[in-house]
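model-v6.txt (compact mmCIF, C-alpha atoms) appears below.
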```
# COMPACT_ATOMS: atom_id res chain seq x y z
CA ALA A 1 -10.13 -41.92 75.42
CA SER A 2 -6.40 -41.59 74.77
CA ARG A 3 -6.49 -44.26 72.03
CA THR A 4 -9.10 -42.34 70.10
CA LEU A 5 -6.91 -39.29 70.45
CA TRP A 6 -3.95 -40.97 68.71
CA SER A 7 -6.07 -42.15 65.85
CA PHE A 8 -7.16 -38.60 65.21
CA SER A 9 -3.68 -37.30 65.25
CA SER A 10 -2.57 -39.98 62.76
CA CYS A 11 -5.28 -38.87 60.32
CA SER A 12 -4.12 -35.34 60.35
CA SER A 13 -0.50 -36.20 59.54
CA TRP A 14 -0.05 -33.22 57.20
CA LEU A 15 0.79 -31.07 60.18
CA PRO A 16 4.52 -30.34 60.27
CA GLN A 17 4.71 -31.62 63.80
CA ARG A 18 2.43 -34.03 65.57
CA VAL A 19 0.49 -31.29 67.30
CA PRO A 20 -2.90 -32.57 68.47
CA LEU A 21 -5.85 -30.67 66.97
CA ARG A 22 -6.96 -27.99 69.34
CA GLY A 23 -10.24 -27.80 67.59
CA SER A 24 -11.34 -31.46 68.05
CA HIS A 25 -14.42 -31.35 70.21
CA TRP A 26 -13.81 -34.77 71.81
CA GLN A 27 -10.88 -33.58 73.71
CA SER A 28 -11.33 -31.21 76.52
CA SER A 29 -8.86 -28.48 76.92
CA LEU A 30 -7.86 -29.49 80.47
CA LEU A 31 -6.35 -32.89 79.49
CA THR A 32 -3.41 -31.84 77.32
CA PRO A 33 -1.47 -28.73 78.25
CA ARG A 34 -0.54 -26.82 75.14
CA THR A 35 0.74 -23.44 74.17
CA SER A 36 -1.83 -21.10 72.56
CA LEU A 37 -0.17 -20.82 69.13
CA PRO A 38 1.41 -23.68 67.08
CA VAL A 39 5.13 -23.29 67.58
CA ARG A 40 7.36 -23.20 64.45
CA ALA A 41 11.05 -23.88 64.78
CA GLN A 42 12.61 -21.31 62.35
CA PRO A 43 10.18 -18.51 61.48
CA LYS A 44 12.54 -16.11 59.60
CA LYS A 45 14.17 -18.61 57.26
CA LYS A 46 10.80 -19.82 56.13
CA LYS A 47 9.94 -16.34 54.84
CA LYS A 48 13.13 -16.14 52.75
CA VAL A 49 12.53 -19.50 51.19
CA ASP A 50 9.01 -18.39 50.39
CA VAL A 51 10.20 -15.23 48.75
CA ARG A 52 12.84 -17.12 46.77
CA ARG A 53 10.32 -19.74 45.72
CA GLU A 54 7.91 -17.06 44.57
CA GLN A 55 10.68 -15.29 42.66
CA ALA A 56 11.63 -18.55 40.94
CA GLN A 57 8.01 -19.15 40.03
CA LYS A 58 7.70 -15.67 38.56
CA ASP A 59 10.87 -16.13 36.49
CA ARG A 60 9.62 -19.43 35.15
CA MET A 61 6.33 -17.81 34.12
CA LYS A 62 8.19 -14.96 32.42
CA LYS A 63 10.40 -17.41 30.54
CA LYS A 64 7.34 -19.30 29.32
CA LEU A 65 5.71 -16.07 28.18
CA LYS A 66 8.84 -15.05 26.29
CA LYS A 67 8.98 -18.42 24.57
CA LEU A 68 5.36 -18.09 23.51
CA GLU A 69 5.95 -14.61 22.18
CA LYS A 70 9.01 -15.70 20.20
CA ALA A 71 6.99 -18.30 18.34
CA PRO A 72 6.05 -17.21 14.78
CA PRO A 73 2.66 -15.50 14.60
CA GLU A 74 -0.31 -17.52 13.40
CA LEU A 75 -0.96 -17.05 9.72
CA ILE A 76 -4.08 -15.05 8.86
CA PRO A 77 -6.35 -17.26 6.73
CA ILE A 78 -7.11 -15.85 3.28
CA GLU A 79 -10.87 -15.91 3.00
CA ASP A 80 -10.85 -15.95 -0.80
CA PHE A 81 -8.91 -19.20 -1.00
CA VAL A 82 -11.18 -21.16 1.30
CA THR A 83 -14.47 -22.21 -0.34
CA PRO A 84 -17.22 -22.34 2.26
CA LEU A 85 -18.58 -25.85 2.66
CA LYS A 86 -22.10 -24.88 1.71
CA TYR A 87 -21.03 -24.36 -1.90
CA SER A 88 -19.83 -27.94 -2.42
CA ASP A 89 -23.34 -29.34 -2.18
CA SER A 90 -24.36 -31.49 -5.11
CA ASN A 91 -27.60 -29.61 -5.64
CA ARG A 92 -25.52 -26.54 -6.45
CA VAL A 93 -24.11 -28.01 -9.63
CA ARG A 94 -25.59 -26.25 -12.66
CA SER A 95 -27.23 -28.46 -15.24
CA LEU A 96 -26.65 -27.20 -18.76
CA PRO A 97 -26.75 -29.00 -22.12
CA ALA A 98 -23.37 -30.30 -23.28
CA LEU A 99 -21.39 -28.31 -25.87
CA SER A 100 -21.80 -29.37 -29.47
CA PRO A 101 -18.68 -29.84 -31.63
CA GLU A 102 -19.68 -26.79 -33.72
CA GLU A 103 -19.75 -24.71 -30.58
CA THR A 104 -16.26 -25.83 -29.48
CA GLU A 105 -15.00 -25.18 -33.01
CA ARG A 106 -16.47 -21.68 -32.96
CA ARG A 107 -14.90 -20.98 -29.60
CA VAL A 108 -11.45 -22.11 -30.68
CA LEU A 109 -11.58 -19.98 -33.84
CA LEU A 110 -12.80 -16.98 -31.85
CA LEU A 111 -9.93 -17.31 -29.38
CA LYS A 112 -7.45 -17.37 -32.26
CA LYS A 113 -9.02 -14.27 -33.79
CA TRP A 114 -8.91 -12.57 -30.42
CA SER A 115 -5.22 -13.26 -29.88
CA LEU A 116 -4.47 -11.82 -33.32
CA PHE A 117 -6.57 -8.73 -32.57
CA LYS A 118 -4.83 -8.17 -29.27
CA GLN A 119 -1.41 -8.64 -30.87
CA LYS A 120 -2.16 -6.00 -33.50
CA GLN A 121 -3.49 -3.64 -30.83
CA ASP A 122 -0.41 -4.10 -28.67
CA GLU A 123 1.96 -3.53 -31.59
CA ALA A 124 0.13 -0.35 -32.57
CA GLU A 125 0.34 0.98 -29.02
CA LYS A 126 4.05 0.25 -28.78
CA LYS A 127 4.69 1.91 -32.13
CA ALA A 128 2.73 5.01 -31.09
CA ILE A 129 4.72 5.29 -27.87
CA GLN A 130 7.97 4.90 -29.77
CA ILE A 131 7.04 7.68 -32.18
CA LEU A 132 6.10 9.90 -29.25
CA VAL A 133 9.46 9.36 -27.59
CA GLU A 134 11.29 10.02 -30.87
CA SER A 135 9.39 13.26 -31.35
CA GLN A 136 10.31 14.39 -27.86
CA GLN A 137 13.97 13.55 -28.38
CA GLU A 138 14.00 15.53 -31.62
CA ALA A 139 12.43 18.53 -29.89
CA LEU A 140 15.00 18.39 -27.08
CA LYS A 141 17.83 18.15 -29.60
CA GLU A 142 16.65 21.24 -31.43
CA LEU A 143 16.21 23.05 -28.14
CA ARG A 144 19.76 22.23 -27.15
CA LEU A 145 21.00 23.72 -30.40
CA GLU A 146 19.12 26.88 -29.54
CA SER A 147 20.10 27.53 -25.96
CA GLU A 148 21.73 25.39 -23.31
CA GLU A 149 19.94 26.97 -20.36
CA LEU A 150 16.50 26.43 -21.84
CA TYR A 151 17.47 22.83 -22.47
CA GLN A 152 18.60 22.37 -18.87
CA ALA A 153 15.34 23.85 -17.64
CA ALA A 154 13.41 21.51 -19.92
CA ILE A 155 15.06 18.30 -18.73
CA LEU A 156 14.36 19.04 -15.05
CA ARG A 157 12.00 16.67 -13.29
CA ASP A 158 8.53 18.09 -12.73
CA GLU A 159 7.85 17.58 -9.01
CA GLY A 160 4.23 18.60 -9.16
CA LEU A 161 3.27 16.03 -11.78
CA PHE A 162 3.02 12.94 -9.53
CA PRO A 163 0.91 11.76 -7.79
CA PHE A 164 -1.43 12.19 -10.72
CA GLU A 165 -5.07 11.35 -10.03
CA ARG A 166 -7.93 11.20 -12.47
CA ASP A 167 -11.39 9.62 -12.51
CA GLY A 168 -11.67 7.15 -15.35
CA PRO A 169 -14.40 7.27 -18.04
CA THR A 170 -17.82 5.77 -17.29
CA TYR A 171 -20.34 4.22 -19.62
CA THR A 172 -22.70 7.21 -19.60
CA PRO A 173 -21.83 10.84 -18.84
CA PRO A 174 -22.81 12.20 -15.41
CA LEU A 175 -26.47 13.20 -15.09
CA SER A 176 -26.80 16.81 -13.94
CA GLY A 177 -29.08 17.27 -10.96
CA TYR A 178 -29.30 13.55 -10.17
CA ASP A 179 -30.00 12.67 -6.55
CA PRO A 180 -28.78 9.14 -5.82
CA PRO A 181 -31.06 7.11 -3.47
CA GLU A 182 -30.03 6.83 0.18
CA GLY A 183 -28.52 3.57 1.32
CA LYS A 184 -26.53 2.10 4.18
CA CYS A 185 -23.48 -0.08 3.71
CA VAL A 186 -22.67 -2.51 6.55
CA ASP A 187 -19.10 -3.79 6.49
CA ILE A 188 -18.93 -7.42 7.66
CA THR A 189 -15.33 -8.24 6.77
CA LYS A 190 -13.59 -10.27 9.46
CA VAL A 191 -10.54 -8.57 10.94
CA TYR A 192 -7.78 -10.82 12.25
CA THR A 193 -5.14 -9.67 14.72
CA GLN A 194 -1.84 -11.45 15.09
CA ALA B 1 32.44 31.79 -25.58
CA ALA B 2 29.95 34.53 -26.25
CA ALA B 3 26.67 33.10 -27.44
CA SER B 4 25.90 34.57 -30.83
CA ARG B 5 22.30 35.33 -31.32
CA ARG B 6 20.73 32.44 -33.18
CA PRO B 7 18.62 33.35 -36.21
CA TRP B 8 15.65 31.28 -35.10
CA ARG B 9 12.72 32.81 -33.26
CA LEU B 10 11.27 30.62 -30.54
CA PHE B 11 7.58 30.00 -29.90
CA GLY B 12 5.90 27.96 -27.19
CA ALA B 13 2.62 26.26 -28.12
CA MET B 14 0.21 24.41 -25.86
CA CYS B 15 -1.78 21.35 -26.91
CA LEU B 16 -4.65 21.34 -24.42
CA LEU B 17 -6.48 18.01 -24.26
CA ARG B 18 -9.90 17.36 -22.82
CA LEU B 19 -9.79 13.73 -21.76
CA PRO B 20 -12.70 11.39 -22.62
CA ARG B 21 -15.64 11.18 -20.20
CA ILE B 22 -17.25 7.96 -21.46
CA THR B 23 -15.90 4.64 -22.67
CA GLN B 24 -15.35 4.01 -26.36
CA PRO B 25 -17.71 1.57 -28.07
CA LEU B 26 -16.42 -2.01 -28.27
CA GLU B 27 -15.05 -3.44 -31.50
CA LYS B 28 -16.76 -6.46 -33.04
CA GLU B 29 -14.09 -8.91 -31.80
CA GLU B 30 -14.24 -7.38 -28.32
CA GLU B 31 -18.01 -7.84 -28.18
CA GLU B 32 -17.83 -11.46 -29.32
CA MET B 33 -15.10 -12.18 -26.80
CA ALA B 34 -17.06 -10.52 -23.99
CA ALA B 35 -20.09 -12.70 -24.79
CA LEU B 36 -17.93 -15.84 -24.83
CA MET B 37 -16.35 -14.96 -21.49
CA GLU B 38 -19.77 -14.50 -19.93
CA GLN B 39 -20.94 -17.84 -21.25
CA ILE B 40 -17.88 -19.69 -19.96
CA GLU B 41 -18.28 -18.04 -16.57
CA LEU B 42 -21.88 -19.16 -16.43
CA GLU B 43 -20.95 -22.73 -17.30
CA LYS B 44 -18.27 -22.91 -14.65
CA SER B 45 -20.40 -21.40 -11.90
CA CYS B 46 -22.65 -23.03 -9.32
CA TYR B 47 -26.17 -22.03 -8.39
CA SER B 48 -26.39 -19.03 -6.10
CA ASP B 49 -28.71 -18.74 -3.08
CA HIS B 50 -31.15 -16.62 -5.03
CA GLU B 51 -31.36 -19.15 -7.87
CA ILE B 52 -31.89 -22.07 -5.49
CA ARG B 53 -34.67 -20.17 -3.77
CA LYS B 54 -36.25 -19.42 -7.13
CA MET B 55 -36.07 -23.07 -8.22
CA GLU B 56 -37.60 -24.32 -4.95
CA GLU B 57 -40.44 -21.83 -5.20
CA GLU B 58 -41.18 -22.83 -8.76
CA GLU B 59 -41.30 -26.49 -7.70
CA ARG B 60 -43.67 -25.64 -4.89
CA LEU B 61 -45.89 -23.62 -7.19
CA LYS B 62 -46.01 -26.49 -9.70
CA ARG B 63 -46.90 -28.98 -6.96
CA ARG B 64 -49.62 -26.72 -5.66
CA LYS B 65 -51.13 -26.34 -9.10
CA GLU B 66 -51.06 -30.08 -9.80
CA SER B 67 -52.44 -31.07 -6.45
CA LEU B 68 -56.04 -30.25 -5.75
CA TYR B 69 -55.58 -28.98 -2.21
CA ASP B 70 -53.24 -26.44 -0.68
CA ASP B 71 -50.17 -27.56 1.21
CA ASP B 72 -50.59 -27.65 4.93
CA ASP B 73 -47.25 -25.91 5.35
CA GLU B 74 -48.48 -22.64 3.94
CA ALA B 75 -50.30 -20.71 6.62
CA PRO B 76 -53.43 -19.17 5.11
CA GLY B 77 -53.32 -15.43 4.79
CA LYS B 78 -49.52 -15.18 4.85
CA THR B 79 -48.11 -13.44 1.79
CA VAL B 80 -44.84 -14.93 0.72
CA ILE B 81 -42.55 -12.82 -1.46
CA MET B 82 -41.25 -15.03 -4.23
CA ALA B 83 -37.85 -14.64 -5.81
CA GLN B 84 -39.53 -14.02 -9.15
CA ASP B 85 -41.43 -11.08 -7.66
CA LEU B 86 -38.21 -9.60 -6.40
CA GLU B 87 -36.66 -9.93 -9.83
CA ASP B 88 -39.63 -8.20 -11.43
CA LYS B 89 -39.43 -5.42 -8.90
CA TRP B 90 -35.73 -4.89 -9.61
CA GLU B 91 -36.37 -4.88 -13.36
CA GLN B 92 -39.07 -2.23 -12.98
CA LYS B 93 -36.80 -0.07 -10.89
CA PHE B 94 -34.04 -0.32 -13.48
CA LEU B 95 -36.36 0.62 -16.34
CA ARG B 96 -37.50 3.68 -14.47
CA PHE B 97 -33.94 5.07 -14.36
CA GLN B 98 -32.97 7.25 -17.31
CA ALA B 99 -29.23 7.62 -17.87
CA ALA B 100 -27.71 10.61 -19.64
CA PRO B 101 -27.35 10.04 -23.38
CA ARG B 102 -23.94 9.12 -24.73
CA ILE B 103 -24.49 11.17 -27.89
CA THR B 104 -25.13 14.71 -26.79
CA ASP B 105 -26.90 17.59 -28.51
CA ALA B 106 -23.60 19.12 -29.45
CA ASP B 107 -22.82 15.92 -31.33
CA LYS B 108 -26.03 16.14 -33.28
CA ASN B 109 -25.50 19.78 -34.20
CA ASN B 110 -21.81 19.28 -34.84
CA ASN B 111 -21.11 22.33 -32.72
CA ARG B 112 -17.33 22.27 -32.71
CA THR B 113 -16.90 25.06 -30.18
CA SER B 114 -18.61 23.07 -27.44
CA LEU B 115 -16.77 20.82 -25.01
CA ASN B 116 -19.70 18.41 -24.73
CA ARG B 117 -19.07 16.87 -28.08
CA LYS B 118 -17.49 13.45 -28.70
CA LEU B 119 -17.37 12.46 -25.06
CA ASP B 120 -15.50 9.25 -25.82
CA SER B 121 -12.38 10.80 -27.42
CA ASN B 122 -9.75 13.44 -26.70
CA LEU B 123 -10.57 17.00 -27.78
CA MET B 124 -7.85 19.50 -28.64
CA LEU B 125 -7.99 23.27 -28.64
CA LEU B 126 -7.35 25.10 -31.93
CA VAL B 127 -7.29 28.88 -32.27
CA LYS B 128 -7.19 31.14 -35.26
CA GLN B 129 -4.00 33.19 -35.21
CA LYS B 130 -2.44 35.69 -37.53
CA ILE B 131 1.02 34.61 -38.71
CA GLY B 132 2.66 37.08 -41.02
CA ASN B 133 -0.27 38.17 -43.12
CA GLN B 134 -2.22 34.88 -42.96
CA GLU B 135 -4.99 33.82 -40.64
CA LEU B 136 -4.28 30.21 -39.72
CA TRP B 137 -5.80 27.61 -37.43
CA LEU B 138 -3.07 26.60 -34.98
CA LEU B 139 -2.48 25.25 -31.51
CA PRO B 140 -2.31 28.38 -29.33
CA GLN B 141 1.24 29.73 -29.48
CA VAL B 142 3.07 32.78 -28.23
CA GLU B 143 6.61 34.04 -28.77
CA TRP B 144 9.20 33.23 -26.15
CA GLN B 145 10.43 36.12 -24.01
CA PRO B 146 13.96 35.99 -22.56
CA GLY B 147 13.90 35.14 -18.88
CA GLU B 148 11.17 32.50 -18.93
CA THR B 149 11.29 28.79 -19.61
CA LEU B 150 9.52 27.38 -22.64
CA ARG B 151 6.96 25.69 -20.40
CA SER B 152 5.90 29.05 -18.99
CA THR B 153 5.67 30.40 -22.55
CA ALA B 154 3.25 27.64 -23.38
CA GLU B 155 1.24 28.31 -20.20
CA ARG B 156 1.13 31.97 -21.11
CA ALA B 157 -0.16 31.04 -24.56
CA MET B 158 -2.95 29.06 -22.93
CA ALA B 159 -3.80 31.95 -20.60
CA THR B 160 -3.90 34.55 -23.40
CA PHE B 161 -6.54 32.63 -25.29
CA LEU B 162 -8.58 31.13 -22.49
CA GLY B 163 -8.05 33.43 -19.52
CA ASP B 164 -6.27 32.98 -16.23
CA HIS B 165 -8.82 30.73 -14.59
CA ILE B 166 -7.89 27.76 -16.70
CA GLN B 167 -6.96 24.69 -14.67
CA ALA B 168 -4.68 22.41 -16.64
CA LYS B 169 -2.06 19.87 -15.68
CA VAL B 170 1.01 20.33 -17.87
CA LEU B 171 2.75 17.02 -18.46
CA GLY B 172 6.32 17.81 -17.58
CA ASN B 173 8.90 20.44 -18.42
CA ALA B 174 10.07 18.97 -21.72
CA PRO B 175 8.52 19.77 -25.09
CA TYR B 176 6.72 16.96 -26.90
CA GLY B 177 7.34 18.04 -30.47
CA ILE B 178 8.81 20.72 -32.65
CA TYR B 179 7.76 22.42 -35.86
CA LYS B 180 10.50 24.28 -37.67
CA TYR B 181 9.81 26.57 -40.60
CA LYS B 182 11.69 29.20 -42.53
CA PHE B 183 10.16 32.55 -43.27
CA PRO B 184 9.34 33.33 -46.90
CA ARG B 185 12.26 34.83 -48.79
CA ALA B 186 10.76 38.28 -48.74
CA ILE B 187 11.21 38.80 -45.03
CA ARG B 188 14.09 36.42 -44.38
CA THR B 189 17.27 38.12 -43.16
CA GLU B 190 20.59 36.95 -41.75
CA ASP B 191 19.33 37.29 -38.20
CA ASN B 192 15.81 36.11 -38.79
CA VAL B 193 15.81 32.88 -40.76
CA GLY B 194 12.77 31.21 -39.39
CA ALA B 195 10.90 30.05 -36.33
CA LYS B 196 10.80 26.96 -34.12
CA VAL B 197 7.53 26.11 -32.42
CA PHE B 198 7.86 23.83 -29.38
CA PHE B 199 4.71 21.93 -28.40
CA PHE B 200 3.74 21.13 -24.83
CA LYS B 201 0.91 18.88 -23.69
CA ALA B 202 -1.59 19.53 -20.92
CA PHE B 203 -4.74 17.87 -19.61
CA LEU B 204 -7.76 20.07 -18.98
CA GLN B 205 -8.94 19.71 -15.37
CA SER B 206 -11.92 22.04 -15.19
CA SER B 207 -14.62 22.39 -17.77
CA ASP B 208 -16.07 25.65 -16.52
CA PHE B 209 -15.72 28.28 -19.20
CA SER B 210 -18.53 30.58 -18.22
CA GLN B 211 -16.14 33.16 -16.80
CA THR B 212 -13.79 33.36 -19.73
CA GLU B 213 -14.54 35.11 -22.97
CA PRO B 214 -12.62 33.72 -25.88
CA LYS B 215 -10.18 36.22 -27.29
CA ALA B 216 -10.22 34.68 -30.73
CA ASP B 217 -12.01 32.04 -32.74
CA TYR B 218 -11.50 28.67 -31.14
CA LEU B 219 -12.46 25.08 -31.79
CA TRP B 220 -12.32 21.81 -29.89
CA VAL B 221 -11.54 19.01 -32.34
CA THR B 222 -10.58 15.36 -32.23
CA LYS B 223 -7.39 13.93 -33.72
CA ASN B 224 -9.20 12.79 -36.87
CA GLU B 225 -10.68 16.22 -37.47
CA LEU B 226 -7.35 18.01 -37.17
CA GLY B 227 -6.75 17.39 -40.85
CA ASP B 228 -9.64 19.74 -41.70
CA TYR B 229 -7.87 22.69 -40.17
CA LEU B 230 -4.12 22.27 -39.98
CA LYS B 231 -1.60 22.53 -42.78
CA SER B 232 -0.06 19.21 -43.83
CA GLU B 233 3.50 19.69 -42.54
CA TYR B 234 2.28 21.13 -39.25
CA LEU B 235 -0.24 18.32 -38.96
CA LYS B 236 2.42 15.69 -39.48
CA LYS B 237 4.49 17.01 -36.59
CA VAL B 238 1.50 17.36 -34.31
CA ASN B 239 0.21 13.87 -35.04
CA ARG B 240 3.46 12.36 -33.86
CA PHE B 241 2.90 13.21 -30.23
CA LEU B 242 -0.84 12.61 -30.08
CA LEU B 243 -1.90 9.18 -28.83
CA ASP B 244 -5.46 8.34 -29.63
```
Kindly return the structure encoded in the file as structure tokens.
Amino acid sequence: ASRTLWSFSSCSSWLPQRVPLRGSHWQSSLLTPRTSLPVRAQPKKKKKVDVRREQAQKDRMKKKLKKLEKAPPELIPIEDFVTPLKYSDSNRVRSLPALSPEETERRVLLLKKWSLFKQKQDEAEKKAIQILVESQQEALKELRLESEELYQAAILRDEGLFPFERDGPTYTPPLSGYDPPEGKCVDITKVYTQ
Amino acid sequence: AAASRRPWRLFGAMCLLRLPRITQPLEKEEEEMAALMEQIELEKSCYSDHEIRKMEEEERLKRRKESLYDDDDEAPGKTVIMAQDLEDKWEQKFLRFQAAPRITDADKNNNRTSLNRKLDSNLMLLVKQKIGNQELWLLPQVEWQPGETLRSTAERAMATFLGDHIQAKVLGNAPYGIYKYKFPRAIRTEDNVGAKVFFFKAFLQSSDFSQTEPKADYLWVTKNELGDYLKSEYLKKVNRFLLD
């Protein structure tokens, strides 16, 4: 019976001291006299080490967290620049007849005409603005000749002018008494947080 | 040094503009370019979901017509809405909508006192004023009183002819143009040589004139029509600060 006892104690070698298992049912309590509680050598020191170990663990965790936070934030993906994969299917490619040489010729000539048109338009706008500025300068000059105080009042900045808001022109004028149909707009834009 | 009284009388005039409400018609080059841009965009694009659905349904319809029996996939009695039907429905809905006409009644009658005319260009206010012993069409002007700035003179001019409830945004404190003229020799004196009219610009914010009664004859005209009413020298100075 004692040999079996030793084998059991060798299995449970994780105990700090070779204390035989009180709970093993093959050993009756009368054989081995034991104290009721497992005796530890230095109870108080153990607590301090525990506390210190826990503190060290906490500090290590905090350091790791700080390192993670310091890392640069993940870049938010720009949805417009990423083509969804379903649009690169081959059946999506449009089949149109090829351009004839006359067509390409017409397009090139039209682009040239357009650039000339835009150039003339731009020059006219710039000239109109220049004339406007000249007219204003002339008016201010004459005003200065008249009276200095009126001139000073005229060159003050108008605080109430900006911000200047205005609805732009539409294709057709607004319809009086028009009741637009009811509708619901569901916003499905993805919101990323850093 | 004591400021000697200058011989010029000062006037503040307001050029009140009603901004355009509709877009101007496109030039020929602009239209051609717009068509070309649309074509290029179409060529560079891929098929959309709606177009793919439409193509598949047309294929299926063709197969069903050619084959003598119905497809087993289609459950009998189930109505399938085709993409073509949707397109027809949308087209019908669009045709039922009537937009307001771009050319209004005032345009057709050439009623120059109405603000509903020429919705695609700027309209300016002209009033008939008595200068000396002549009745002239001018931008509303009023003589400057000592103690006020020229901008407030111009605002006062606007209020005298259109009432106090006018809502206009004056573009800044500085005048935009000047018209200088000397009085005719008969009334010219040493102290009273002539007059300087300073022009200010403002945008009309409200178009509600039901409350105001016009104090004098007034017109709303475009830049091109100014020549019908203004004298040539005056017109030249006014045209300089009007962008069209």
(request) Write out as an NGL selection string each polymer residue whose atoms come within 10 Å of range 103-109 of chain B, counting all atoms listed in the file; drop sequence neighbours fewer than 4 positions from it. (result) (:A and (172-173)) or (:B and (113-120))
(request) Would you give me, as a list in words, the residues of chain A that come within 7 Å of chain B, using all atoms listed in the file? (result)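 Putting it all together, I get Arg92, Val93, Arg94, Trp114, Ala128, Ile131, Leu132, Ser135, Gln136, Ala139, Leu140, Glu146, Leu150, Ala153, Ala154, Ile155, Leu156, Asp158, Leu161, Pro169, Thr170, Tyr171, Thr172, Pro173, Pro174 and Leu175 of chain A.
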(message) So that I can see what lies close to Lys54 in chain B, please list as a ChimeraX atom specification the residues with an atom at most 9 Å from it, counting only C-alpha atoms and leaving out residues fewer than 6 positions away in the same chain.
(response) /B:82-84
(request) State, in Å with one decimal place, the distance from CA of Ala71 in chain A to CA of Val191 in chain A. (result) 21.4 Å
(request) Check the smallest atom-to-atom distance from each of B:Tyr234, B:Phe161, B:Trp144, B:Phe183 to Leu16 in chain B using only C-alpha atoms, then report the winner. (result) B:Phe161
Counting all atoms listed in the file, what is within 12 Å of Met158 in chain B, bar same-chain residues fewer than 5 positions away, as a compact mmCIF listing (two decimals) with C-alpha atoms, in the coordinates of the input?
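Okay, out_9.txt is ready:
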```
# COMPACT_ATOMS: atom_id res chain seq x y z
CA GLY B 12 5.90 27.96 -27.19
CA ALA B 13 2.62 26.26 -28.12
CA MET B 14 0.21 24.41 -25.86
CA CYS B 15 -1.78 21.35 -26.91
CA LEU B 16 -4.65 21.34 -24.42
CA LEU B 17 -6.48 18.01 -24.26
CA LEU B 125 -7.99 23.27 -28.64
CA LEU B 126 -7.35 25.10 -31.93
CA VAL B 127 -7.29 28.88 -32.27
CA LEU B 139 -2.48 25.25 -31.51
CA PRO B 140 -2.31 28.38 -29.33
CA GLN B 141 1.24 29.73 -29.48
CA VAL B 142 3.07 32.78 -28.23
CA ARG B 151 6.96 25.69 -20.40
CA SER B 152 5.90 29.05 -18.99
CA THR B 153 5.67 30.40 -22.55
CA GLY B 163 -8.05 33.43 -19.52
CA ASP B 164 -6.27 32.98 -16.23
CA HIS B 165 -8.82 30.73 -14.59
CA ILE B 166 -7.89 27.76 -16.70
CA GLN B 167 -6.96 24.69 -14.67
CA ALA B 168 -4.68 22.41 -16.64
CA LYS B 169 -2.06 19.87 -15.68
CA VAL B 170 1.01 20.33 -17.87
CA PHE B 199 4.71 21.93 -28.40
CA PHE B 200 3.74 21.13 -24.83
CA LYS B 201 0.91 18.88 -23.69
CA ALA B 202 -1.59 19.53 -20.92
CA PHE B 203 -4.74 17.87 -19.61
CA LEU B 204 -7.76 20.07 -18.98
CA PRO B 214 -12.62 33.72 -25.88
CA LYS B 215 -10.18 36.22 -27.29
CA TYR B 218 -11.50 28.67 -31.14
```
(request) Have a look at CA of Gly194 in chain B and CA of Tyr181 in chain B and let me know their distance in Å, one decimal. (result)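 So the answer is 5.6 Å.
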(message) Report, in Å with one decimal, the straight-line distance from CA of Ile129 in chain A to CA of Asp167 in chain A.
(response) 22.7 Å
Go ahead and fit an axis-aligned box to every listed atom of range 98-110 of chain A plus 5 Å each side, and pass me the centre and edge lengths in Å, one decimal, as lines of an AutoDock Vina configuration file.
```
center_x = -17.4
center_y = -23.6
center_z = -28.6
size_x = 21.9
size_y = 23.3
size_z = 20.6
```
(request) Skip Pro77 in chain A itself and residues of its chain fewer than 6 positions away, then list as a PyMOL selection string all residues within 12 Å of it, counting only C-alpha atoms. (result) chain A and resi 83+190-194
Given the selection you just returned, output its residues as a file containing C-alpha atoms, formatted as a PDB file, in the frame of the given file.
```
ATOM      1  CA  THR A  83     -14.470 -22.210  -0.340  1.00  0.00           C
ATOM      2  CA  LYS A 190     -13.590 -10.270   9.460  1.00  0.00           C
ATOM      3  CA  VAL A 191     -10.540  -8.570  10.940  1.00  0.00           C
ATOM      4  CA  TYR A 192      -7.780 -10.820  12.250  1.00  0.00           C
ATOM      5  CA  THR A 193      -5.140  -9.670  14.720  1.00  0.00           C
ATOM      6  CA  GLN A 194      -1.840 -11.450  15.090  1.00  0.00           C
TER       7      GLN A 194
END
```
(request) Fewer than 4 positions away in the same chain doesn't count, so skip those; otherwise give me all residues within 7 Å of Val221 in chain B, counting only C-alpha atoms, as a ChimeraX atom specification. (result) /B:112,123-125,225-226
